[in-house]
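Quick notes on the structure that follows.
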Number of protein chains: 2
Amino acid sequence: MRIGELGQATGVDIETIRYYEKAGLLPAPERRQNGYRAYAPLHVERLAFIRHCRALDISLADIQRLLAFVAHPESDCRDIDRLIDAQLARVQARLQSMQALERQLTALRGRCGKSHLAGDCGILHELVAAAHHEACICHREALSKPAEVEAVIAPLATQGA
Amino acid sequence: MRIGELGQATGVDIETIRYYEKAGLLPAPERRQNGYRAYAPLHVERLAFIRHCRALDISLADIQRLLAFVAHPESDCRDIDRLIDAQLARVQARLQSMQALERQLTALRGRCGKSHLAGDCGILHELVAAAHHEACICHREALSKPAEVEAVIAPLATQGA
DNA sequence: CTTGACCCTATAGTTACTACAGGGTGTGTA
DNA sequence: TACACACCCTGTAGTAACTATAGGGTCAAG
């Protein structure tokens, strides 16, 4: 199977496939005489594994760790548990910050009045007010809970962490 | 005010401050004889505006657009509304995909048995099963709703879109 | 032979930071 | 005066997970 066919079969972009090979997640396949990659069924399965984990927002580094567990069935299952637990905790933390964010944006959106001039815009006033150290409506609740501001900003800033 | 002082005053990393200046979001300040930046109160306010928007997960490009509205009070408020609406929609879509993800990870986590060998690990079995085109428990519901699989993968893949 | 689809490697770009290299400036202390 | 330390500067590179592009090779059909 050539790379285009693998891409078709799995819905993964060929450049992403080559990226995964370079990253060491997908074993380098045999090559044909003309230099084209020749993928075997094991590659299809491996790629499906990787995409499944990506769908769970598991980082490539963690996927690599999971693959090591697959390769070593005698290794400790608790490490896998810990990995998934950590992932679950990250997702839950992110979920909470997204929920706070939705509330804040909804509140900000509610500031739009009837005027159609930016100079009179309630949204802009709110955003500018924040710059004057006034408690804005979208963050008013959060300002009384400094930890929540951090909960919003920190995950955003460390989105890849 | 020097850059370190601005960083202290706003909680923003000095490298991030320089980044914003280079990105055109923060006006370049005057310079002292020795080349050090000399920030004015307007910079403090502008930086606060930017960080407030970042806290709302608004992209730097959109922040630039909002700043253009601030600079042109005669412009149309509806464009601001549309920007915030689009942002709200993005956050809500992301929120839904995170919720699905949490459910899936919770289900996967529940597969861990009592054995402590990776070879017997329910989590690994699930992940590997997915590679065999079997309906895994973490995605089983989603497989009956193909749109939801896309809802999980597409936002993850376009995280910066 | 030409054309278009497919393939190759290498490099660069995306987004929003963050880190590092190499060097300059200012201040306090011995 | 010399040294140490904190702070500053520009430029470049790195992070994570892709995605795009440049330049060139291969293959099959017309």
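Residues are referred to by chain and number: the chain letter is A, B, ... according to the order shown in the structure tokens, the number counts from 1 in that chain, and ligands are numbered separately from 1 in the order shown.
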*Pull out every residue of chain D that has at least one atom within 9 Å of chain B, counting only C-alpha atoms (C1' of nucleotides), and report them as an MDAnalysis selection string.*
chainID D and resid 7:9 17:18
Using only N, CA and C atoms (P, O5', C5', C4', C3', O3' and C1' of nucleotides), please write the residues we just selected to a file, as a PDB file, in the first residue's frame.
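Ended up saving to selection.pdb:
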```pdb
ATOM      1  P    DC D   7      16.194  41.916  38.843  1.00  0.00           P
ATOM      2  O5'  DC D   7      16.335  42.734  37.472  1.00  0.00           O
ATOM      3  C5'  DC D   7      16.549  44.145  37.523  1.00  0.00           C
ATOM      4  C4'  DC D   7      17.037  44.644  36.186  1.00  0.00           C
ATOM      5  C3'  DC D   7      16.198  44.168  35.000  1.00  0.00           C
ATOM      6  O3'  DC D   7      15.388  45.244  34.520  1.00  0.00           O
ATOM      7  C1'  DC D   7      18.550  44.157  34.539  1.00  0.00           C
ATOM      8  P    DC D   8      14.349  44.980  33.362  1.00  0.00           P
ATOM      9  O5'  DC D   8      15.214  45.250  32.042  1.00  0.00           O
ATOM     10  C5'  DC D   8      15.690  46.561  31.771  1.00  0.00           C
ATOM     11  C4'  DC D   8      16.650  46.545  30.604  1.00  0.00           C
ATOM     12  C3'  DC D   8      16.081  45.896  29.339  1.00  0.00           C
ATOM     13  O3'  DC D   8      15.532  46.883  28.488  1.00  0.00           O
ATOM     14  C1'  DC D   8      18.368  45.261  29.731  1.00  0.00           C
ATOM     15  P    DC D   9      14.758  46.400  27.186  1.00  0.00           P
ATOM     16  O5'  DC D   9      15.924  46.045  26.162  1.00  0.00           O
ATOM     17  C5'  DC D   9      16.761  47.078  25.636  1.00  0.00           C
ATOM     18  C4'  DC D   9      17.759  46.501  24.658  1.00  0.00           C
ATOM     19  C3'  DC D   9      17.125  45.608  23.590  1.00  0.00           C
ATOM     20  O3'  DC D   9      16.765  46.390  22.481  1.00  0.00           O
ATOM     21  C1'  DC D   9      19.097  44.599  24.488  1.00  0.00           C
ATOM     22  P    DA D  17       2.006  16.923  20.933  1.00  0.00           P
ATOM     23  O5'  DA D  17       1.337  17.233  19.518  1.00  0.00           O
ATOM     24  C5'  DA D  17       0.109  17.931  19.477  1.00  0.00           C
ATOM     25  C4'  DA D  17      -0.208  18.303  18.043  1.00  0.00           C
ATOM     26  C3'  DA D  17      -0.024  17.148  17.054  1.00  0.00           C
ATOM     27  O3'  DA D  17      -1.153  17.129  16.191  1.00  0.00           O
ATOM     28  C1'  DA D  17       1.106  19.061  16.299  1.00  0.00           C
ATOM     29  P    DC D  18      -1.511  15.834  15.364  1.00  0.00           P
ATOM     30  O5'  DC D  18      -0.461  15.832  14.150  1.00  0.00           O
ATOM     31  C5'  DC D  18      -0.829  16.309  12.874  1.00  0.00           C
ATOM     32  C4'  DC D  18      -0.928  17.825  12.837  1.00  0.00           C
ATOM     33  C3'  DC D  18      -1.242  18.345  11.445  1.00  0.00           C
ATOM     34  O3'  DC D  18      -2.510  19.018  11.460  1.00  0.00           O
ATOM     35  C1'  DC D  18       0.555  19.566  12.455  1.00  0.00           C
TER      36       DC D  18
END
```
_Only residues of chain C matter here; which ones have an atom within 9 Å of chain B, counting only C-alpha atoms (C1' of nucleotides)? Give them as number ranges by chain._
C: 14-18, 24-25
I need the chosen residues saved as a short mmCIF file (atom, residue, chain, number, x, y, z; two decimals), in the first residue's frame, with all heavy atoms.
```
data_model
loop_
_atom_site.label_atom_id
_atom_site.label_comp_id
_atom_site.auth_asym_id
_atom_site.auth_seq_id
_atom_site.Cartn_x
_atom_site.Cartn_y
_atom_site.Cartn_z
P DT C 14 3.34 32.07 8.65
OP1 DT C 14 2.54 33.02 7.87
OP2 DT C 14 4.43 32.56 9.52
"O5'" DT C 14 2.34 31.20 9.55
"C5'" DT C 14 1.31 30.44 8.92
"C4'" DT C 14 0.56 29.68 9.98
"O4'" DT C 14 1.33 28.51 10.35
"C3'" DT C 14 0.37 30.49 11.26
"O3'" DT C 14 -1.01 30.72 11.49
"C2'" DT C 14 0.97 29.63 12.38
"C1'" DT C 14 1.18 28.28 11.74
N1 DT C 14 2.40 27.59 12.21
C2 DT C 14 2.27 26.33 12.79
O2 DT C 14 1.21 25.79 12.94
N3 DT C 14 3.46 25.76 13.19
C4 DT C 14 4.72 26.31 13.06
O4 DT C 14 5.71 25.69 13.45
C5 DT C 14 4.78 27.61 12.45
C7 DT C 14 6.09 28.29 12.28
C6 DT C 14 3.64 28.18 12.04
P DT C 15 -1.44 32.09 12.15
OP1 DT C 15 -2.83 32.35 11.72
OP2 DT C 15 -0.38 33.09 11.92
"O5'" DT C 15 -1.45 31.74 13.69
"C5'" DT C 15 -2.40 30.81 14.20
"C4'" DT C 15 -2.09 30.54 15.65
"O4'" DT C 15 -0.97 29.64 15.75
"C3'" DT C 15 -1.71 31.81 16.44
"O3'" DT C 15 -2.59 31.93 17.54
"C2'" DT C 15 -0.27 31.57 16.89
"C1'" DT C 15 -0.14 30.05 16.81
N1 DT C 15 1.22 29.54 16.51
C2 DT C 15 1.61 28.34 17.07
O2 DT C 15 0.92 27.69 17.79
N3 DT C 15 2.88 27.94 16.72
C4 DT C 15 3.78 28.60 15.89
O4 DT C 15 4.87 28.13 15.67
C5 DT C 15 3.29 29.84 15.35
C7 DT C 15 4.17 30.63 14.47
C6 DT C 15 2.06 30.24 15.67
P DA C 16 -2.76 33.37 18.22
OP1 DA C 16 -4.17 33.49 18.64
OP2 DA C 16 -2.11 34.40 17.39
"O5'" DA C 16 -1.85 33.15 19.51
"C5'" DA C 16 -2.18 32.13 20.42
"C4'" DA C 16 -1.03 31.94 21.39
"O4'" DA C 16 0.06 31.29 20.70
"C3'" DA C 16 -0.48 33.25 21.97
"O3'" DA C 16 -0.31 33.09 23.36
"C2'" DA C 16 0.86 33.39 21.27
"C1'" DA C 16 1.25 31.92 21.11
N9 DA C 16 2.31 31.69 20.14
C8 DA C 16 2.68 32.48 19.08
N7 DA C 16 3.71 32.00 18.40
C5 DA C 16 4.03 30.83 19.07
C6 DA C 16 5.03 29.86 18.86
N6 DA C 16 5.93 29.93 17.87
N1 DA C 16 5.08 28.80 19.71
C2 DA C 16 4.18 28.73 20.69
N3 DA C 16 3.20 29.58 21.00
C4 DA C 16 3.18 30.62 20.15
P DC C 17 -0.17 34.36 24.29
OP1 DC C 17 -0.31 33.85 25.65
OP2 DC C 17 -1.06 35.42 23.81
"O5'" DC C 17 1.33 34.88 24.06
"C5'" DC C 17 2.39 34.54 24.95
"C4'" DC C 17 2.82 33.10 24.81
"O4'" DC C 17 3.28 32.87 23.46
"C3'" DC C 17 3.98 32.74 25.72
"O3'" DC C 17 3.55 31.72 26.65
"C2'" DC C 17 5.08 32.22 24.80
"C1'" DC C 17 4.36 31.96 23.49
N1 DC C 17 5.26 32.22 22.34
C2 DC C 17 6.19 31.25 21.96
O2 DC C 17 6.24 30.19 22.61
N3 DC C 17 7.01 31.50 20.91
C4 DC C 17 6.92 32.64 20.25
N4 DC C 17 7.75 32.83 19.23
C5 DC C 17 5.96 33.66 20.61
C6 DC C 17 5.16 33.39 21.64
P DT C 18 4.29 31.73 28.04
OP1 DT C 18 3.60 30.67 28.82
OP2 DT C 18 4.38 33.09 28.55
"O5'" DT C 18 5.77 31.23 27.72
"C5'" DT C 18 5.98 29.88 27.42
"C4'" DT C 18 7.45 29.64 27.13
"O4'" DT C 18 7.80 30.16 25.84
"C3'" DT C 18 8.42 30.27 28.13
"O3'" DT C 18 9.16 29.21 28.70
"C2'" DT C 18 9.28 31.21 27.29
"C1'" DT C 18 9.13 30.62 25.90
N1 DT C 18 9.30 31.56 24.77
C2 DT C 18 10.21 31.22 23.76
O2 DT C 18 10.87 30.21 23.79
N3 DT C 18 10.28 32.12 22.74
C4 DT C 18 9.57 33.31 22.61
O4 DT C 18 9.72 34.02 21.64
C5 DT C 18 8.65 33.60 23.69
C7 DT C 18 7.85 34.84 23.66
C6 DT C 18 8.56 32.72 24.70
P DG C 24 29.56 44.16 24.33
OP1 DG C 24 30.31 44.89 23.29
OP2 DG C 24 30.25 43.48 25.45
"O5'" DG C 24 28.46 45.14 24.95
"C5'" DG C 24 27.49 45.73 24.09
"C4'" DG C 24 26.46 46.48 24.91
"O4'" DG C 24 25.67 45.53 25.69
"C3'" DG C 24 27.05 47.47 25.92
"O3'" DG C 24 26.30 48.66 25.90
"C2'" DG C 24 26.92 46.75 27.25
"C1'" DG C 24 25.64 45.93 27.04
N9 DG C 24 25.57 44.74 27.88
C8 DG C 24 26.39 43.64 27.82
N7 DG C 24 26.09 42.74 28.72
C5 DG C 24 25.00 43.28 29.40
C6 DG C 24 24.24 42.75 30.48
O6 DG C 24 24.38 41.69 31.07
N1 DG C 24 23.22 43.63 30.87
C2 DG C 24 22.98 44.86 30.29
N2 DG C 24 21.98 45.56 30.80
N3 DG C 24 23.68 45.35 29.27
C4 DG C 24 24.67 44.51 28.88
P DT C 25 26.78 49.88 26.80
OP1 DT C 25 26.37 51.10 26.08
OP2 DT C 25 28.17 49.66 27.20
"O5'" DT C 25 25.86 49.73 28.09
"C5'" DT C 25 24.45 49.86 27.96
"C4'" DT C 25 23.81 50.00 29.33
"O4'" DT C 25 23.84 48.72 30.01
"C3'" DT C 25 24.52 51.00 30.26
"O3'" DT C 25 23.52 51.83 30.84
"C2'" DT C 25 25.21 50.11 31.29
"C1'" DT C 25 24.28 48.91 31.34
N1 DT C 25 24.90 47.63 31.76
C2 DT C 25 24.32 46.93 32.79
O2 DT C 25 23.33 47.31 33.41
N3 DT C 25 24.92 45.73 33.09
C4 DT C 25 26.03 45.18 32.47
O4 DT C 25 26.47 44.10 32.83
C5 DT C 25 26.59 45.98 31.40
C7 DT C 25 27.81 45.48 30.68
C6 DT C 25 26.01 47.14 31.09
#
```
*Residue contacts of Asp81 of chain B (8 Å, only C-alpha atoms (C1' of nucleotides)) excluding same-chain residues fewer than 3 positions away, as a VMD selection string*: (chain A and resid 109 112 123) or (chain B and resid 77 to 78 84 to 85)
Dump C-alpha atoms for the selected residues as a PDB file, in the first residue's frame?
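Wrote it out as result39.pdb, contents follow:
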```
ATOM      1  CA  ARG A 109     -21.892  39.579  24.579  1.00  0.00           C
ATOM      2  CA  CYS A 112     -24.078  45.061  23.240  1.00  0.00           C
ATOM      3  CA  ILE A 123     -18.438  45.177  24.495  1.00  0.00           C
TER       4      ILE A 123
ATOM      5  CA  CYS B  77     -20.503  47.952  16.259  1.00  0.00           C
ATOM      6  CA  ARG B  78     -22.003  44.968  14.512  1.00  0.00           C
ATOM      7  CA  ILE B  84     -17.456  38.050  19.892  1.00  0.00           C
ATOM      8  CA  ASP B  85     -20.230  35.808  18.571  1.00  0.00           C
TER       9      ASP B  85
END
```
_With only C-alpha atoms considered, list every residue of chain B at most 6 Å from chain A, as a PyMOL selection string._
chain B and resi 45+48-49+55+73-77+116-119+131+153
Those selected residues, please, written with N, CA, C and O atoms and delivered as a PDB file, in the first residue's frame.
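Written file, selection05.pdb:
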```
ATOM      1  N   GLU B  45      -2.182  50.130  30.164  1.00  0.00           N
ATOM      2  CA  GLU B  45      -3.593  49.925  29.832  1.00  0.00           C
ATOM      3  C   GLU B  45      -3.752  49.017  28.626  1.00  0.00           C
ATOM      4  O   GLU B  45      -4.610  48.126  28.605  1.00  0.00           O
ATOM      5  N   ALA B  48      -3.083  45.482  29.534  1.00  0.00           N
ATOM      6  CA  ALA B  48      -4.201  44.924  30.294  1.00  0.00           C
ATOM      7  C   ALA B  48      -5.342  44.540  29.360  1.00  0.00           C
ATOM      8  O   ALA B  48      -5.989  43.497  29.533  1.00  0.00           O
ATOM      9  N   PHE B  49      -5.579  45.378  28.361  1.00  0.00           N
ATOM     10  CA  PHE B  49      -6.617  45.092  27.367  1.00  0.00           C
ATOM     11  C   PHE B  49      -6.306  43.781  26.670  1.00  0.00           C
ATOM     12  O   PHE B  49      -7.155  42.897  26.536  1.00  0.00           O
ATOM     13  N   ALA B  55      -7.517  36.237  27.973  1.00  0.00           N
ATOM     14  CA  ALA B  55      -8.228  35.450  28.983  1.00  0.00           C
ATOM     15  C   ALA B  55      -9.547  34.937  28.422  1.00  0.00           C
ATOM     16  O   ALA B  55     -10.102  33.955  28.910  1.00  0.00           O
ATOM     17  N   PRO B  73     -13.826  54.879  16.711  1.00  0.00           N
ATOM     18  CA  PRO B  73     -15.131  54.819  17.360  1.00  0.00           C
ATOM     19  C   PRO B  73     -16.306  54.995  16.400  1.00  0.00           C
ATOM     20  O   PRO B  73     -17.429  54.639  16.754  1.00  0.00           O
ATOM     21  N   GLU B  74     -16.030  55.460  15.209  1.00  0.00           N
ATOM     22  CA  GLU B  74     -17.114  55.654  14.236  1.00  0.00           C
ATOM     23  C   GLU B  74     -17.417  54.365  13.459  1.00  0.00           C
ATOM     24  O   GLU B  74     -18.351  54.339  12.660  1.00  0.00           O
ATOM     25  N   SER B  75     -16.644  53.331  13.689  1.00  0.00           N
ATOM     26  CA  SER B  75     -16.859  52.102  12.924  1.00  0.00           C
ATOM     27  C   SER B  75     -18.077  51.339  13.443  1.00  0.00           C
ATOM     28  O   SER B  75     -18.654  51.671  14.472  1.00  0.00           O
ATOM     29  N   ASP B  76     -18.443  50.295  12.726  1.00  0.00           N
ATOM     30  CA  ASP B  76     -19.704  49.604  12.965  1.00  0.00           C
ATOM     31  C   ASP B  76     -19.611  48.601  14.121  1.00  0.00           C
ATOM     32  O   ASP B  76     -18.810  47.681  14.075  1.00  0.00           O
ATOM     33  N   CYS B  77     -20.461  48.807  15.083  1.00  0.00           N
ATOM     34  CA  CYS B  77     -20.503  47.952  16.259  1.00  0.00           C
ATOM     35  C   CYS B  77     -20.850  46.508  15.920  1.00  0.00           C
ATOM     36  O   CYS B  77     -20.472  45.581  16.632  1.00  0.00           O
ATOM     37  N   HIS B 116      -1.952  -6.182  37.168  1.00  0.00           N
ATOM     38  CA  HIS B 116      -0.965  -5.120  37.074  1.00  0.00           C
ATOM     39  C   HIS B 116      -0.005  -5.313  35.916  1.00  0.00           C
ATOM     40  O   HIS B 116       1.074  -4.734  35.889  1.00  0.00           O
ATOM     41  N   LEU B 117      -0.386  -6.159  34.950  1.00  0.00           N
ATOM     42  CA  LEU B 117       0.459  -6.341  33.772  1.00  0.00           C
ATOM     43  C   LEU B 117      -0.134  -5.600  32.587  1.00  0.00           C
ATOM     44  O   LEU B 117      -1.332  -5.671  32.321  1.00  0.00           O
ATOM     45  N   ALA B 118       0.720  -4.915  31.896  1.00  0.00           N
ATOM     46  CA  ALA B 118       0.262  -4.170  30.727  1.00  0.00           C
ATOM     47  C   ALA B 118      -0.414  -5.105  29.719  1.00  0.00           C
ATOM     48  O   ALA B 118      -1.353  -4.723  29.032  1.00  0.00           O
ATOM     49  N   GLY B 119       0.094  -6.330  29.656  1.00  0.00           N
ATOM     50  CA  GLY B 119      -0.471  -7.295  28.728  1.00  0.00           C
ATOM     51  C   GLY B 119      -1.931  -7.606  28.998  1.00  0.00           C
ATOM     52  O   GLY B 119      -2.649  -8.040  28.105  1.00  0.00           O
ATOM     53  N   ALA B 131      -7.815  -0.177  16.914  1.00  0.00           N
ATOM     54  CA  ALA B 131      -6.985  -0.328  15.723  1.00  0.00           C
ATOM     55  C   ALA B 131      -7.423  -1.521  14.881  1.00  0.00           C
ATOM     56  O   ALA B 131      -7.000  -1.673  13.746  1.00  0.00           O
ATOM     57  N   ILE B 153     -12.352  14.971  16.803  1.00  0.00           N
ATOM     58  CA  ILE B 153     -11.064  15.044  16.112  1.00  0.00           C
ATOM     59  C   ILE B 153     -10.835  16.397  15.437  1.00  0.00           C
ATOM     60  O   ILE B 153      -9.749  16.952  15.546  1.00  0.00           O
TER      61      ILE B 153
END
```
*Have a look at C:DG4, C:DG13, C:DG23, C:DG28 and name the one nearest to DG11 of chain D; count only C-alpha atoms (C1' of nucleotides).*
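Of the candidates, the smallest distance to DG11 of chain D is held by C:DG23.
Distance-wise, atom CA of Leu6 of chain A and atom C1' of DG23 of chain D end up 24.6 Å apart.
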*Suppose you want the space between atom CA of Gln8 of chain B and atom CA of Asp62 of chain B; what is it in Å?*
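For atom CA of Gln8 of chain B relative to atom CA of Asp62 of chain B, the distance reads 25.8 Å.
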*Going by DSSP on the backbone, which bits of segment 3-158 of chain B are alpha helix (DSSP H)? Write them as a count of residues only, please.*
104
*asked:* Between atom CA of Ala28 of chain A and atom C1' of DA28 of chain D, what distance in Å does the model show, to one decimal?
replied: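 Answer for the atom CA of Ala28 of chain A to atom C1' of DA28 of chain D separation: 26.9 Å.
With distances taken over only C-alpha atoms (C1' of nucleotides), A:Arg18 is the one residue among A:Leu26, A:Gly11, A:Arg18, A:Ala40 lying closest to DT19 of chain D.
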